[in-house]
>>> print(open('model_11.txt').read())   # compact mmCIF, C-alpha atoms and all ligand atoms
# COMPACT_ATOMS: atom_id res chain seq x y z
CA MET A 1 0.00 0.00 0.00
CA ASP A 2 2.11 2.84 -1.18
CA PHE A 3 -0.39 5.60 -0.74
CA ALA A 4 1.29 8.76 0.46
CA LEU A 5 0.65 9.91 4.00
CA ASP A 6 0.04 13.61 4.54
CA ASP A 7 2.36 16.11 6.27
CA LYS A 8 0.58 15.71 9.60
CA ALA A 9 1.23 11.97 9.54
CA GLU A 10 4.86 12.42 8.51
CA ASP A 11 5.38 14.96 11.27
CA LEU A 12 3.98 12.53 13.84
CA ARG A 13 6.17 9.79 12.36
CA SER A 14 9.37 11.76 12.85
CA ARG A 15 8.46 12.81 16.42
CA LEU A 16 7.58 9.22 17.27
CA ARG A 17 10.75 7.88 15.68
CA ALA A 18 12.90 10.22 17.78
CA PHE A 19 11.02 9.15 20.91
CA LEU A 20 11.37 5.46 20.08
CA GLU A 21 15.09 5.74 19.35
CA GLU A 22 15.66 7.21 22.79
CA ASN A 23 13.19 5.12 24.82
CA ASN A 24 12.88 1.69 23.18
CA PRO A 25 12.56 -0.77 26.10
CA GLY A 26 14.38 -3.54 24.17
CA ARG A 27 13.63 -7.24 24.35
CA PRO A 28 10.88 -8.47 26.70
CA PRO A 29 11.92 -10.27 29.92
CA LYS A 30 11.34 -14.05 29.83
CA ASP A 31 9.53 -14.27 33.15
CA GLN A 32 5.77 -13.74 32.68
CA GLU A 33 5.29 -11.38 35.64
CA GLU A 34 8.42 -9.37 34.82
CA ARG A 35 7.16 -9.06 31.26
CA ARG A 36 3.81 -7.77 32.50
CA GLN A 37 5.47 -5.11 34.62
CA TRP A 38 7.72 -4.21 31.68
CA GLN A 39 4.63 -3.70 29.50
CA LYS A 40 2.96 -1.60 32.19
CA ALA A 41 6.02 0.62 32.57
CA TRP A 42 6.01 1.15 28.81
CA ALA A 43 2.30 2.08 28.81
CA ARG A 44 2.93 4.62 31.60
CA LEU A 45 5.83 6.15 29.72
CA LEU A 46 3.73 6.48 26.56
CA ALA A 47 0.97 8.18 28.57
CA ASP A 48 3.42 10.56 30.27
CA LYS A 49 4.98 11.55 26.95
CA GLY A 50 1.67 11.98 25.09
CA PHE A 51 2.05 8.89 22.89
CA ALA A 52 -0.73 6.72 24.39
CA GLY A 53 -4.09 5.89 22.86
CA PRO A 54 -3.72 6.83 19.16
CA SER A 55 -7.46 6.58 18.50
CA TRP A 56 -8.50 7.69 21.97
CA PRO A 57 -10.08 11.13 22.68
CA LYS A 58 -7.70 13.82 23.92
CA ALA A 59 -10.11 14.58 26.77
CA TRP A 60 -9.33 11.12 28.12
CA GLY A 61 -5.56 11.23 27.76
CA GLY A 62 -5.36 9.92 24.19
CA MET A 63 -3.95 11.36 20.98
CA GLU A 64 -7.16 11.49 18.91
CA LEU A 65 -5.24 10.92 15.68
CA CYS A 66 -6.75 11.06 12.22
CA LEU A 67 -6.64 8.03 9.93
CA THR A 68 -3.28 8.75 8.24
CA GLU A 69 -1.65 9.58 11.58
CA GLN A 70 -2.90 6.33 13.05
CA VAL A 71 -1.39 4.43 10.14
CA ALA A 72 1.98 6.16 10.68
CA TYR A 73 1.74 5.57 14.44
CA HIS A 74 1.16 1.82 14.12
CA GLU A 75 3.78 1.45 11.41
CA GLU A 76 6.47 3.02 13.58
CA MET A 77 5.46 1.15 16.74
CA THR A 78 5.50 -2.16 14.87
CA LYS A 79 8.88 -1.48 13.28
CA ALA A 80 10.34 -0.62 16.69
CA ARG A 81 8.98 -3.93 18.12
CA VAL A 82 7.80 -2.23 21.31
CA PRO A 83 5.05 -3.73 23.52
CA ARG A 84 1.45 -3.49 22.31
CA GLN A 85 -0.84 -0.88 23.84
CA PRO A 86 -2.82 -1.97 26.96
CA GLY A 87 -5.64 -4.42 26.11
CA GLY A 88 -8.33 -2.26 27.72
CA LEU A 89 -7.81 0.47 25.13
CA GLY A 90 -9.15 -1.70 22.33
CA ILE A 91 -12.38 -3.15 23.67
CA VAL A 92 -13.51 -2.21 27.18
CA GLY A 93 -12.34 1.41 26.92
CA PRO A 94 -14.37 2.31 23.81
CA THR A 95 -17.37 0.50 25.30
CA ILE A 96 -17.28 2.49 28.56
CA LEU A 97 -16.68 5.64 26.56
CA ARG A 98 -19.79 4.95 24.51
CA PHE A 99 -22.18 3.49 27.09
CA GLY A 100 -20.71 4.32 30.53
CA ASN A 101 -21.96 7.20 32.70
CA ALA A 102 -19.81 10.16 33.83
CA GLU A 103 -18.69 8.47 37.08
CA GLN A 104 -17.70 5.29 35.26
CA ARG A 105 -15.72 7.20 32.66
CA ASP A 106 -13.90 9.20 35.37
CA ARG A 107 -13.15 6.12 37.40
CA TYR A 108 -12.12 3.62 34.71
CA LEU A 109 -10.83 5.40 31.62
CA PRO A 110 -7.66 7.14 32.93
CA PRO A 111 -6.12 3.92 34.39
CA ILE A 112 -6.92 2.10 31.12
CA VAL A 113 -4.95 4.64 29.07
CA ARG A 114 -2.00 4.46 31.49
CA GLY A 115 -2.12 0.67 31.60
CA ASP A 116 -2.46 0.85 35.40
CA GLU A 117 -5.48 -1.46 35.51
CA ASP A 118 -6.06 -4.59 33.45
CA TRP A 119 -9.36 -5.99 32.21
CA CYS A 120 -10.73 -9.33 31.14
CA LEU A 121 -13.92 -10.16 29.24
CA GLY A 122 -16.34 -12.52 30.95
CA TYR A 123 -18.73 -13.58 28.21
CA SER A 124 -18.33 -17.30 27.40
CA GLU A 125 -19.69 -19.99 29.69
CA PRO A 126 -19.51 -23.80 29.54
CA GLU A 127 -22.95 -23.91 27.87
CA ALA A 128 -22.84 -20.55 26.10
CA GLY A 129 -20.16 -19.73 23.55
CA SER A 130 -21.40 -19.17 20.02
CA ASP A 131 -24.92 -18.98 21.38
CA LEU A 132 -24.04 -16.27 23.89
CA PRO A 133 -27.68 -15.18 24.52
CA SER A 134 -28.17 -18.48 26.38
CA LEU A 135 -25.68 -17.49 29.13
CA ARG A 136 -26.70 -18.40 32.68
CA THR A 137 -24.48 -16.56 35.16
CA LYS A 138 -27.14 -14.88 37.27
CA ALA A 139 -27.15 -11.46 38.91
CA VAL A 140 -30.05 -11.10 41.34
CA ARG A 141 -30.84 -7.65 42.72
CA ASP A 142 -30.52 -7.33 46.51
CA GLY A 143 -30.95 -3.68 47.58
CA ASP A 144 -28.12 -1.62 46.08
CA GLU A 145 -26.21 -4.69 45.03
CA TYR A 146 -26.43 -7.70 42.74
CA MET A 147 -25.64 -11.16 44.00
CA VAL A 148 -23.77 -12.93 41.20
CA ASN A 149 -23.62 -16.73 40.88
CA GLY A 150 -22.37 -18.82 37.97
CA GLN A 151 -19.32 -19.58 35.87
CA LYS A 152 -17.34 -18.11 32.98
CA VAL A 153 -14.78 -20.00 30.94
CA TRP A 154 -11.88 -19.26 28.53
CA THR A 155 -11.53 -15.87 30.23
CA SER A 156 -8.24 -14.55 28.87
CA HIS A 157 -5.90 -12.75 31.32
CA SER A 158 -8.35 -13.21 34.21
CA MET A 159 -5.54 -14.18 36.61
CA THR A 160 -3.89 -10.80 36.24
CA SER A 161 -6.93 -8.60 35.66
CA ASP A 162 -8.23 -5.98 38.05
CA PHE A 163 -11.74 -5.95 36.54
CA MET A 164 -13.98 -8.13 34.45
CA ALA A 165 -16.45 -6.73 31.92
CA ALA A 166 -19.06 -9.45 32.46
CA LEU A 167 -22.31 -10.39 30.80
CA VAL A 168 -24.79 -11.62 33.38
CA ARG A 169 -28.41 -12.70 33.33
CA THR A 170 -30.73 -10.27 35.10
CA GLY A 171 -33.90 -11.28 33.26
CA SER A 172 -35.83 -14.54 33.37
CA ASP A 173 -34.22 -17.83 32.29
CA GLU A 174 -36.03 -17.57 28.94
CA SER A 175 -35.25 -13.91 28.30
CA ARG A 176 -32.16 -14.65 26.16
CA ALA A 177 -30.68 -11.42 24.77
CA ASN A 178 -33.40 -9.28 26.38
CA GLY A 179 -32.35 -10.22 29.91
CA ILE A 180 -28.59 -9.66 29.82
CA THR A 181 -26.72 -6.90 31.67
CA TYR A 182 -23.16 -5.64 31.14
CA LEU A 183 -21.59 -5.50 34.60
CA ILE A 184 -18.15 -4.37 35.80
CA ILE A 185 -16.89 -6.80 38.43
CA ASP A 186 -13.89 -6.10 40.64
CA MET A 187 -11.81 -9.29 40.45
CA ARG A 188 -10.73 -8.94 44.11
CA THR A 189 -14.33 -9.32 45.39
CA ASP A 190 -15.00 -12.18 47.83
CA GLY A 191 -16.56 -15.25 46.22
CA ILE A 192 -14.52 -15.24 42.98
CA THR A 193 -12.38 -18.29 42.26
CA ILE A 194 -10.07 -18.41 39.25
CA ARG A 195 -8.88 -21.78 37.94
CA PRO A 196 -6.21 -21.45 35.20
CA LEU A 197 -6.46 -23.59 32.04
CA LYS A 198 -3.32 -24.69 30.21
CA ASP A 199 -3.46 -24.36 26.42
CA MET A 200 -1.52 -26.43 23.85
CA THR A 201 1.47 -24.04 23.90
CA GLY A 202 1.85 -24.83 27.62
CA ASP A 203 0.84 -21.28 28.60
CA THR A 204 -1.96 -20.47 31.01
CA ARG A 205 -3.47 -17.42 29.37
CA PHE A 206 -7.08 -18.14 30.13
CA SER A 207 -9.08 -19.64 33.01
CA GLU A 208 -12.38 -20.71 34.40
CA VAL A 209 -13.88 -18.08 36.72
CA PHE A 210 -16.43 -19.10 39.34
CA PHE A 211 -18.80 -16.71 41.13
CA GLU A 212 -20.33 -17.70 44.44
CA ASP A 213 -22.56 -15.05 46.07
CA VAL A 214 -20.39 -12.27 44.68
CA ARG A 215 -21.76 -8.86 45.66
CA VAL A 216 -21.52 -6.17 42.99
CA PRO A 217 -22.89 -2.61 43.49
CA VAL A 218 -25.67 -1.73 41.01
CA THR A 219 -23.63 1.34 40.05
CA GLN A 220 -21.38 -1.08 38.14
CA VAL A 221 -23.95 -1.62 35.38
CA VAL A 222 -22.81 -0.17 32.04
CA GLY A 223 -25.84 1.06 30.09
CA ALA A 224 -29.12 -0.08 31.58
CA GLU A 225 -30.20 -3.31 33.27
CA ASN A 226 -31.26 -5.90 30.67
CA ASN A 227 -29.76 -3.77 27.90
CA GLY A 228 -26.36 -5.47 28.01
CA TRP A 229 -26.73 -7.22 24.66
CA LYS A 230 -26.62 -3.91 22.81
CA VAL A 231 -23.53 -2.89 24.80
CA ALA A 232 -21.90 -6.27 24.20
CA ARG A 233 -22.57 -6.21 20.46
CA THR A 234 -20.75 -2.92 20.12
CA ALA A 235 -17.93 -4.24 22.31
CA LEU A 236 -17.71 -7.41 20.17
CA GLY A 237 -17.57 -5.22 17.08
CA PHE A 238 -14.56 -3.40 18.54
CA GLU A 239 -12.97 -6.73 19.46
CA ARG A 240 -13.39 -7.99 15.92
CA SER A 241 -12.23 -4.85 14.13
CA THR A 242 -10.51 -1.73 15.45
CA ALA A 243 -8.76 -3.66 18.20
CA ASN A 244 -6.97 -5.33 15.27
CA THR A 245 -5.69 -2.13 13.66
CA ALA A 246 -2.12 -2.60 14.86
CA ARG A 247 -2.27 -6.32 14.22
CA ASP A 248 -2.10 -6.21 10.43
CA MET A 249 1.10 -4.16 10.70
CA GLY A 250 2.40 -6.93 12.96
CA TYR A 251 1.48 -9.52 10.32
CA ARG A 252 3.36 -7.48 7.71
CA ARG A 253 6.48 -7.80 9.87
CA ILE A 254 5.98 -11.52 10.57
CA LEU A 255 5.53 -12.20 6.86
CA ASP A 256 8.73 -10.27 6.09
CA ASP A 257 10.53 -12.38 8.72
CA LEU A 258 9.16 -15.57 7.13
CA GLU A 259 10.19 -14.55 3.61
CA LYS A 260 13.69 -13.81 4.91
CA LEU A 261 13.85 -17.18 6.67
CA ALA A 262 12.64 -18.97 3.52
CA GLY A 263 15.52 -17.32 1.63
CA GLU A 264 18.09 -18.33 4.26
CA LEU A 265 16.86 -21.93 4.15
CA GLY A 266 17.09 -21.98 0.33
CA ARG A 267 13.34 -22.58 0.00
CA LEU A 268 12.57 -19.70 -2.36
CA SER A 269 13.56 -21.77 -5.40
CA ASP A 270 10.52 -23.98 -4.76
CA PRO A 271 7.67 -22.65 -6.98
CA ILE A 272 4.97 -23.89 -4.60
CA ILE A 273 6.52 -22.06 -1.65
CA ARG A 274 6.83 -18.93 -3.79
CA GLN A 275 3.18 -19.20 -4.80
CA GLU A 276 2.04 -19.66 -1.19
CA LEU A 277 4.12 -16.69 -0.06
CA ALA A 278 2.57 -14.61 -2.84
CA LYS A 279 -0.90 -15.53 -1.57
CA MET A 280 0.10 -14.41 1.92
CA GLU A 281 1.49 -11.19 0.47
CA THR A 282 -1.87 -10.50 -1.22
CA SER A 283 -3.78 -11.29 1.96
CA VAL A 284 -1.70 -9.06 4.20
CA ARG A 285 -2.36 -6.12 1.87
CA LEU A 286 -6.08 -6.84 1.75
CA LEU A 287 -6.20 -7.06 5.53
CA HIS A 288 -4.60 -3.67 5.79
CA LEU A 289 -7.03 -2.06 3.32
CA ASN A 290 -10.03 -3.61 5.02
CA ASN A 291 -8.83 -2.38 8.40
CA LEU A 292 -8.44 1.13 7.05
CA ARG A 293 -12.02 0.98 5.82
CA ILE A 294 -13.33 0.05 9.27
CA LEU A 295 -11.07 2.50 11.05
CA SER A 296 -12.31 5.27 8.80
CA ALA A 297 -15.95 4.37 9.60
CA VAL A 298 -15.22 4.40 13.33
CA LEU A 299 -13.47 7.77 13.04
CA LYS A 300 -16.65 9.12 11.43
CA GLY A 301 -18.53 8.03 14.56
CA GLU A 302 -20.08 4.90 13.05
CA ASP A 303 -20.17 1.53 14.85
CA PRO A 304 -17.77 -1.17 13.62
CA GLY A 305 -20.92 -3.10 12.58
CA ALA A 306 -21.32 -6.60 11.16
CA GLU A 307 -18.57 -5.88 8.61
CA SER A 308 -16.14 -6.30 11.52
CA SER A 309 -16.84 -10.04 11.16
CA VAL A 310 -15.07 -9.88 7.78
CA THR A 311 -11.96 -8.46 9.44
CA ARG A 312 -12.03 -10.96 12.27
CA LEU A 313 -12.48 -13.91 9.90
CA MET A 314 -9.72 -12.72 7.55
CA HIS A 315 -7.29 -12.16 10.44
CA SER A 316 -7.89 -15.51 12.04
CA LEU A 317 -7.60 -17.47 8.77
CA PHE A 318 -4.51 -15.48 7.79
CA GLU A 319 -2.53 -16.01 10.98
CA LYS A 320 -3.41 -19.69 11.06
CA ARG A 321 -2.31 -20.22 7.44
CA LEU A 322 0.82 -18.10 7.89
CA HIS A 323 2.10 -20.37 10.64
CA GLU A 324 1.17 -23.54 8.75
CA LEU A 325 3.20 -22.23 5.83
CA ALA A 326 6.11 -21.46 8.17
CA ILE A 327 6.16 -25.08 9.30
CA GLU A 328 5.97 -26.28 5.67
CA ILE A 329 8.93 -24.04 4.80
CA ILE A 330 11.08 -25.05 7.76
CA GLY A 331 10.23 -28.76 7.68
CA PRO A 332 10.16 -31.07 10.74
CA ASN A 333 12.49 -28.83 12.79
CA GLY A 334 9.80 -26.18 12.63
CA LEU A 335 7.83 -28.14 15.19
CA ILE A 336 10.63 -28.28 17.75
CA GLY A 337 10.11 -26.17 20.88
CA GLY A 338 12.22 -23.22 22.03
CA SER A 339 14.68 -24.81 24.47
CA ASP A 340 15.92 -27.54 22.07
CA ARG A 341 19.17 -26.92 20.15
CA LEU A 342 17.43 -27.89 16.88
CA ALA A 343 14.67 -25.32 17.39
CA VAL A 344 14.51 -22.73 14.62
CA GLN A 345 14.54 -19.12 15.81
CA ARG A 346 14.02 -20.24 19.41
CA GLY A 347 10.86 -22.18 18.51
CA ARG A 348 9.02 -19.03 17.49
CA TRP A 349 7.17 -20.66 14.58
CA ALA A 350 6.28 -23.83 16.50
CA TRP A 351 4.79 -21.68 19.27
CA GLY A 352 2.92 -19.52 16.76
CA PHE A 353 1.61 -22.62 14.97
CA LEU A 354 0.17 -23.99 18.22
CA ARG A 355 -1.19 -20.65 19.40
CA THR A 356 -3.00 -19.88 16.15
CA ARG A 357 -4.98 -23.15 16.23
CA GLY A 358 -7.36 -21.23 18.52
CA SER A 359 -7.56 -18.14 16.31
CA THR A 360 -10.62 -19.37 14.46
CA ILE A 361 -12.39 -19.96 17.80
CA GLY A 362 -11.68 -16.88 19.99
CA ALA A 363 -13.89 -13.76 19.64
CA GLY A 364 -16.45 -15.88 17.76
CA THR A 365 -15.67 -18.96 15.68
CA ALA A 366 -15.02 -18.84 11.93
CA GLU A 367 -18.37 -20.55 11.31
CA VAL A 368 -20.21 -17.95 13.35
CA GLN A 369 -18.40 -15.11 11.56
CA ARG A 370 -19.39 -16.66 8.22
CA ASN A 371 -23.02 -16.83 9.35
CA LEU A 372 -22.92 -13.16 10.39
CA ILE A 373 -21.40 -12.13 7.08
CA ALA A 374 -23.98 -14.16 5.15
CA GLU A 375 -26.96 -12.88 7.10
CA ARG A 376 -26.07 -9.33 8.09
CA VAL A 377 -23.66 -8.19 5.38
CA LEU A 378 -24.86 -10.12 2.32
CA GLY A 379 -28.52 -10.21 3.36
CA LEU A 380 -28.93 -13.97 2.85
CA PRO A 381 -31.76 -15.80 4.68
CA TYR A 382 -31.31 -16.71 8.35
CA ASP A 383 -30.46 -20.28 9.33
CA PRO A 384 -33.89 -21.82 10.14
CA GLY A 385 -32.22 -24.39 12.42
CA MET A 386 -30.92 -21.71 14.79
CA PRO A 387 -32.73 -19.71 17.50
CA ALA A 388 -34.30 -16.46 16.24
CA PRO A 389 -31.53 -13.95 15.53
CA VAL A 390 -30.94 -11.11 17.95
CA ILE A 391 -30.35 -7.89 16.05
C1 LIG A 401 -7.68 -18.15 22.54
C2 LIG A 401 -9.08 -17.93 23.05
C3 LIG A 401 -9.32 -16.86 23.89
C4 LIG A 401 -10.62 -16.64 24.36
N1 LIG A 401 -10.83 -15.59 25.22
C5 LIG A 401 -12.06 -15.38 25.70
C6 LIG A 401 -12.29 -14.31 26.64
O1 LIG A 401 -11.38 -13.58 27.01
N2 LIG A 401 -13.55 -14.15 27.13
C7 LIG A 401 -14.59 -14.94 26.74
O2 LIG A 401 -15.69 -14.71 27.20
N3 LIG A 401 -14.39 -15.98 25.88
C8 LIG A 401 -13.16 -16.21 25.35
N4 LIG A 401 -12.94 -17.25 24.49
C9 LIG A 401 -14.05 -18.15 24.18
C10 LIG A 401 -14.62 -18.00 22.78
O3 LIG A 401 -15.30 -16.78 22.64
C11 LIG A 401 -15.51 -19.22 22.54
O4 LIG A 401 -14.69 -20.35 22.57
C12 LIG A 401 -16.24 -19.13 21.21
O5 LIG A 401 -17.20 -18.11 21.24
C13 LIG A 401 -16.90 -20.47 20.85
O6 LIG A 401 -17.70 -20.93 21.87
P1 LIG A 401 -17.56 -22.44 22.41
O7 LIG A 401 -16.13 -22.68 22.73
O8 LIG A 401 -18.56 -22.61 23.49
O9 LIG A 401 -17.92 -23.36 21.16
P2 LIG A 401 -19.41 -23.73 20.64
O10 LIG A 401 -20.24 -22.49 20.57
O11 LIG A 401 -19.92 -24.85 21.47
O12 LIG A 401 -19.08 -24.22 19.19
C14 LIG A 401 -18.65 -25.55 18.89
C15 LIG A 401 -18.57 -25.70 17.39
O13 LIG A 401 -19.87 -25.52 16.81
C16 LIG A 401 -19.85 -24.50 15.81
N5 LIG A 401 -21.09 -23.73 15.83
C17 LIG A 401 -21.72 -23.24 16.91
N6 LIG A 401 -22.84 -22.55 16.53
C18 LIG A 401 -22.89 -22.60 15.18
C19 LIG A 401 -23.77 -22.07 14.19
N7 LIG A 401 -24.83 -21.33 14.53
N8 LIG A 401 -23.52 -22.32 12.89
C20 LIG A 401 -22.43 -23.05 12.51
N9 LIG A 401 -21.54 -23.59 13.41
C21 LIG A 401 -21.77 -23.36 14.72
C22 LIG A 401 -18.68 -23.62 16.20
O14 LIG A 401 -18.18 -22.91 15.09
C23 LIG A 401 -17.69 -24.65 16.73
O15 LIG A 401 -16.97 -25.24 15.68
C24 LIG A 401 -11.67 -17.49 24.00
C25 LIG A 401 -11.41 -18.58 23.14
C26 LIG A 401 -10.13 -18.79 22.67
C27 LIG A 401 -9.87 -19.94 21.76
>>> encode(input="model_11.txt", output="structure tokens")
Amino acid sequence: MDFALDDKAEDLRSRLRAFLEENNPGRPPKDQEERRQWQKAWARLLADKGFAGPSWPKAWGGMELCLTEQVAYHEEMTKARVPRQPGGLGIVGPTILRFGNAEQRDRYLPPIVRGDEDWCLGYSEPEAGSDLPSLRTKAVRDGDEYMVNGQKVWTSHSMTSDFMAALVRTGSDESRANGITYLIIDMRTDGITIRPLKDMTGDTRFSEVFFEDVRVPVTQVVGAENNGWKVARTALGFERSTANTARDMGYRRILDDLEKLAGELGRLSDPIIRQELAKMETSVRLLHLNNLRILSAVLKGEDPGAESSVTRLMHSLFEKRLHELAIEIIGPNGLIGGSDRLAVQRGRWAWGFLRTRGSTIGAGTAEVQRNLIAERVLGLPYDPGMPAPVI
């Protein structure tokens, strides 16, 4: 994509470059907790120096950049290989900004921008994943509080999060999407038990979270009681689209790394490998263009909308295929883990291959995204075998 960026974007680029040259935090520490603190320190530094929250309103400590500036920002950050911006900025932040009241914005937004407080998303349950409106974690009103009972699962980063943005049932058992409330739950509240789940990379990034008589003030409702589905749909749109803006720049870099590795291994003389790399090259450019389209809609004040499912689907299929191709290029050694002497590039591709198996499941499975695209973008008939759609 060689479209020219304007002067404003180039000015930002040179200021950012100078900042990054002086302050680049270098390679991440190996230890998980040290790495977390290292990321937090970086987020604080960005906030202090006015480089946090590229798409975030200035009134809330962000940079409020226009489209071309955001492109320049993410390009420079990706090139410098610095830590990603705090997770809360992509999904929970925009949701509170849009649906939260004044007190909630004052309380929660500043620490999100500074990376001082971490968030997890408590949506999925053992019996409610793709069919999220069937969720059963109950919040029963008791004076000025709700009493929450139930279970979430696959909750990423819950062990280290300060708050959960949870979907809970406040309506009747049959109320489906009309009886769901979006509730902020402090993860230190009595009655919460977190049980980590190990994934196939060996990491414990997500967990089961159990709620037993957990008391949550009613002031923690975002939007109105029983109106949480509307809030969640916007939040899911952010998760599936703008939260990915920096990601396609990251893919650009990973693909460059893979092409370089293929050359070093003498694999570029293989016409099939060349053809597959060319397909990846096409995809990474399409991803970028599609992201710009969504970003531009959001900057105009529009919701990410059902089109965000296109972005999510393309991203997940791309990163899965990219790592499969890496293993095909490297051969059997590509599957050897980091600590072994035969591991290629410290097992980076093997780890990525395992991690991306889940890409077409998280944030809505590939099948569900395809259904959404068919029904809400292309206007095809609804699946008669499924419960009535919730718009
Ligand atoms: C890496 C990762 C991180 C995650 N992080 C979080 C998180 O932080 N918070 C959170 O709440 N959840 C999280 N999840 C959970 C994720 O959102 C769910 O796994 C996902 O929504 C699917 O739900 P499920 O696992 O219950 O599968 P199910 O809904 O039971 O689906 C099983 C299979 O049936 C298919 N299927 C279901 N319905 C349909 C349909 N209507 N048409 C066609 N096929 C269908 C699915 O595509 C899938 O193949 C994470 C998952 C992963 C993998």
>>> atom_distance(input="model_11.txt", atom1="atom CA of Arg188 of chain A", atom2="atom CA of Asn149 of chain A")
15.4 Å
>>> residues_near_ligand(input="model_11.txt", ligand="ligand LIG 401 (chain A)", cutoff="8 Å", atoms="all atoms listed in the file", output="number ranges by chain")
A: 120-132, 152-158, 206, 355, 358-368, 371, 383, 386
>>> write_last_selection(input="model_11.txt", atoms="C-alpha atoms", output="PDB file, in the coordinates of the input")
ATOM      1  CA  CYS A 120     -10.730  -9.330  31.140  1.00  0.00           C
ATOM      2  CA  LEU A 121     -13.920 -10.160  29.240  1.00  0.00           C
ATOM      3  CA  GLY A 122     -16.340 -12.520  30.950  1.00  0.00           C
ATOM      4  CA  TYR A 123     -18.730 -13.580  28.210  1.00  0.00           C
ATOM      5  CA  SER A 124     -18.330 -17.300  27.400  1.00  0.00           C
ATOM      6  CA  GLU A 125     -19.690 -19.990  29.690  1.00  0.00           C
ATOM      7  CA  PRO A 126     -19.510 -23.800  29.540  1.00  0.00           C
ATOM      8  CA  GLU A 127     -22.950 -23.910  27.870  1.00  0.00           C
ATOM      9  CA  ALA A 128     -22.840 -20.550  26.100  1.00  0.00           C
ATOM     10  CA  GLY A 129     -20.160 -19.730  23.550  1.00  0.00           C
ATOM     11  CA  SER A 130     -21.400 -19.170  20.020  1.00  0.00           C
ATOM     12  CA  ASP A 131     -24.920 -18.980  21.380  1.00  0.00           C
ATOM     13  CA  LEU A 132     -24.040 -16.270  23.890  1.00  0.00           C
ATOM     14  CA  LYS A 152     -17.340 -18.110  32.980  1.00  0.00           C
ATOM     15  CA  VAL A 153     -14.780 -20.000  30.940  1.00  0.00           C
ATOM     16  CA  TRP A 154     -11.880 -19.260  28.530  1.00  0.00           C
ATOM     17  CA  THR A 155     -11.530 -15.870  30.230  1.00  0.00           C
ATOM     18  CA  SER A 156      -8.240 -14.550  28.870  1.00  0.00           C
ATOM     19  CA  HIS A 157      -5.900 -12.750  31.320  1.00  0.00           C
ATOM     20  CA  SER A 158      -8.350 -13.210  34.210  1.00  0.00           C
ATOM     21  CA  PHE A 206      -7.080 -18.140  30.130  1.00  0.00           C
ATOM     22  CA  ARG A 355      -1.190 -20.650  19.400  1.00  0.00           C
ATOM     23  CA  GLY A 358      -7.360 -21.230  18.520  1.00  0.00           C
ATOM     24  CA  SER A 359      -7.560 -18.140  16.310  1.00  0.00           C
ATOM     25  CA  THR A 360     -10.620 -19.370  14.460  1.00  0.00           C
ATOM     26  CA  ILE A 361     -12.390 -19.960  17.800  1.00  0.00           C
ATOM     27  CA  GLY A 362     -11.680 -16.880  19.990  1.00  0.00           C
ATOM     28  CA  ALA A 363     -13.890 -13.760  19.640  1.00  0.00           C
ATOM     29  CA  GLY A 364     -16.450 -15.880  17.760  1.00  0.00           C
ATOM     30  CA  THR A 365     -15.670 -18.960  15.680  1.00  0.00           C
ATOM     31  CA  ALA A 366     -15.020 -18.840  11.930  1.00  0.00           C
ATOM     32  CA  GLU A 367     -18.370 -20.550  11.310  1.00  0.00           C
ATOM     33  CA  VAL A 368     -20.210 -17.950  13.350  1.00  0.00           C
ATOM     34  CA  ASN A 371     -23.020 -16.830   9.350  1.00  0.00           C
ATOM     35  CA  ASP A 383     -30.460 -20.280   9.330  1.00  0.00           C
ATOM     36  CA  MET A 386     -30.920 -21.710  14.790  1.00  0.00           C
TER      37      MET A 386
END
>>> residues_around(input="model_11.txt", residues="Val148 of chain A", least_positions_apart="6", cutoff="7 Å", atoms="all atoms listed in the file", output="tab-separated table (two decimals) with C-alpha atoms, keeping the file's coordinate frame")
chain	number	residue	atom	x	y	z
A	138	LYS	CA	-27.14	-14.88	37.27
A	139	ALA	CA	-27.15	-11.46	38.91
A	140	VAL	CA	-30.05	-11.10	41.34
A	211	PHE	CA	-18.80	-16.71	41.13
A	212	GLU	CA	-20.33	-17.70	44.44
A	213	ASP	CA	-22.56	-15.05	46.07
A	214	VAL	CA	-20.39	-12.27	44.68
A	215	ARG	CA	-21.76	-8.86	45.66
>>> closest_residue(input="model_11.txt", among="A:Met200, A:Leu261, A:Leu183, A:Leu67", to="Asn291 of chain A", atoms="only C-alpha atoms")
A:Leu67
>>> residues_around(input="model_11.txt", residues="Asp144 of chain A", least_positions_apart="4", cutoff="10 Å", atoms="all atoms listed in the file", output="number ranges by chain")
A: 215-219
>>> atom_distance(input="model_11.txt", atom1="atom CA of Leu16 of chain A", atom2="atom CA of Met63 of chain A")
12.3 Å
>>> closest_atom_pairs(input="model_11.txt", of="segment 269-291 of chain A", to="segment 322-338 of chain A", cutoff="9 Å", atoms="all atoms listed in the file", output="JSON lines")
{"residue": "A:Ile273", "atom": "CA", "partner": "A:Ile329", "partner_atom": "CA", "distance": 7.2}
{"residue": "A:Glu276", "atom": "CA", "partner": "A:Leu325", "partner_atom": "CA", "distance": 7.6}
{"residue": "A:Leu277", "atom": "CA", "partner": "A:Leu325", "partner_atom": "CA", "distance": 8.1}
{"residue": "A:Met280", "atom": "CA", "partner": "A:Leu322", "partner_atom": "CA", "distance": 7.1}
>>> closest_residue(input="model_11.txt", among="A:Asn290, A:Gln275, A:Thr204, A:Ser55", to="Thr311 of chain A", atoms="only C-alpha atoms")
A:Asn290
>>> closest_residue(input="model_11.txt", among="A:Val284, A:Ala52, A:Leu295, A:Met164", to="Cys66 of chain A", atoms="all atoms listed in the file")
A:Leu295
>>> residues_around(input="model_11.txt", residues="Glu103 of chain A", least_positions_apart="5", cutoff="12 Å", atoms="only C-alpha atoms", output="JSON, numbers by chain")
{"A": [96, 97, 108, 109, 110, 219, 220, 221, 222]}
